[in-house]
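Visitor: Got a structure here, written out as structure tokens. Questions coming.
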Amino acid sequence: MFVKICGITCAEDALLATALGADALGFVFAPSRRQVSESVVRDIVGQLPHDVMTVGVFRDMGKARLVEIVNRIGLKAAQLHGRESPATCQWVAERVPLLIRALPAGSPDLQRFDEYGADLLLLDSPTPGSGAVFDWALAEGAPANRRTLLAGGLTPDNVGSAIEQVDPYGVDVSTGVESDPGRKDPRLLRAFMLNARAAQPVRYEGDADRRPFDWQQDEER
């Protein structure tokens, strides 16, 4: 199970998450209590193992500026959370290593996901960043032929049930493992990782020792 820890604001939390086995870390560049500067992210990324997927999270930023930030810092992916059009997403996807498109559960845009040119779908709550859980039955509206990361109100207590019911390629958590906005709680983070790894999706198949999504291989497309 691919695990992304989002809302990272300091090197301490980033290094803890990677030591616990996180596959990806998210850094929020959009206005938020978890927003971080380019210089802070560059410093953190420089301390991380090369095989960790580093993700810049953006919302309605100018596409040229977005691409410049991703490539200048050396981030492995861009995640778009706003009203970016399919054309904008395709333009960005051609200029960054990997693109994640976030869409709310139940959105009619899920039916046209292929038009965005994204590598991964992040299925989120209708109110991203709120820590609110959405009805997981709405995940059935996500395209079945695309890798999906499940987000929205996940915690150590419910991540196992979410994985069993939705069978995503991965999960994404921020608020559910925090002690304060932007700071991770080591105990919650550890419990989340353990419970996510222990969960058994109903339809999941494959080698348990192999990550379900290899961004390094996909980057060579």
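Please note that chains go A, B, ... in the order of the structure tokens, that every chain numbers its residues from 1, and that ligands are numbered from 1 in the order shown.
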Where does region 25-122 of chain A meet region 179-199 of chain A within 12 Å, residue by residue, with the nearest atom pair and distance in Å to one decimal for each, counting only C-alpha atoms, listed by chain and rising number, as a Markdown table?

Guide:
```
| residue | atom | partner | partner_atom | distance |
| --- | --- | --- | --- | --- |
| A:Gly26 | CA | A:Gly182 | CA | 11.3 |
| A:Phe27 | CA | A:Gly182 | CA | 10.1 |
| A:Val28 | CA | A:Gly182 | CA | 9.9 |
| A:Ser32 | CA | A:Gly182 | CA | 9.6 |
| A:Arg33 | CA | A:Pro181 | CA | 6.5 |
| A:Arg34 | CA | A:Gly182 | CA | 4.9 |
| A:Gln35 | CA | A:Gly182 | CA | 8.3 |
| A:Val36 | CA | A:Gly182 | CA | 9.5 |
```

Visitor: Name the residues of region 37-124 of chain A that fall into strand (DSSP E or B) according to DSSP on the backbone, using the chain letters and numbers of this document, as a ChimeraX atom specification.

Guide: /A:53-58,77-80,99-104,120-124

Visitor: Could you tell me how far CA of Asp51 (chain A) lies from CA of Pro156 (chain A), in Å and to one decimal?

Guide: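 Between CA of Asp51 (chain A) and CA of Pro156 (chain A) the gap is 24.4 Å.
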
Visitor: Write out as a PyMOL selection string all residues of region 51-84 of chain A that backbone DSSP assigns to alpha helix (DSSP H).

Guide: chain A and resi 63-73

Visitor: Pull C-alpha atoms from the residues just selected and write them as a short mmCIF file (atom, residue, chain, number, x, y, z; two decimals), in the first residue's frame.

Guide:
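The result, stored in selection-v2.cif:
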```
data_model
loop_
_atom_site.label_atom_id
_atom_site.label_comp_id
_atom_site.auth_asym_id
_atom_site.auth_seq_id
_atom_site.Cartn_x
_atom_site.Cartn_y
_atom_site.Cartn_z
CA LYS A 63 1.15 27.11 -14.53
CA ALA A 64 4.55 28.49 -15.53
CA ARG A 65 5.34 29.47 -11.94
CA LEU A 66 4.21 26.05 -10.70
CA VAL A 67 6.45 24.19 -13.11
CA GLU A 68 9.36 26.48 -12.26
CA ILE A 69 9.02 25.69 -8.52
CA VAL A 70 8.76 21.93 -9.04
CA ASN A 71 11.79 21.73 -11.29
CA ARG A 72 13.96 24.23 -9.44
CA ILE A 73 13.55 22.42 -6.12
#
```

Visitor: Between CA of Ser39 (chain A) and CA of Ala118 (chain A), what is the spacing in Å?

Guide: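 About the pair CA of Ala118 (chain A) and CA of Ser39 (chain A): they are 26.6 Å apart.
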
Visitor: Taking 5 positions as the minimum chain separation for residues in the same chain, which residues sit within 7 Å of Ala30 (chain A) when counting only C-alpha atoms? Answer as a PyMOL selection string.

Guide: chain A and resi 35+57-59
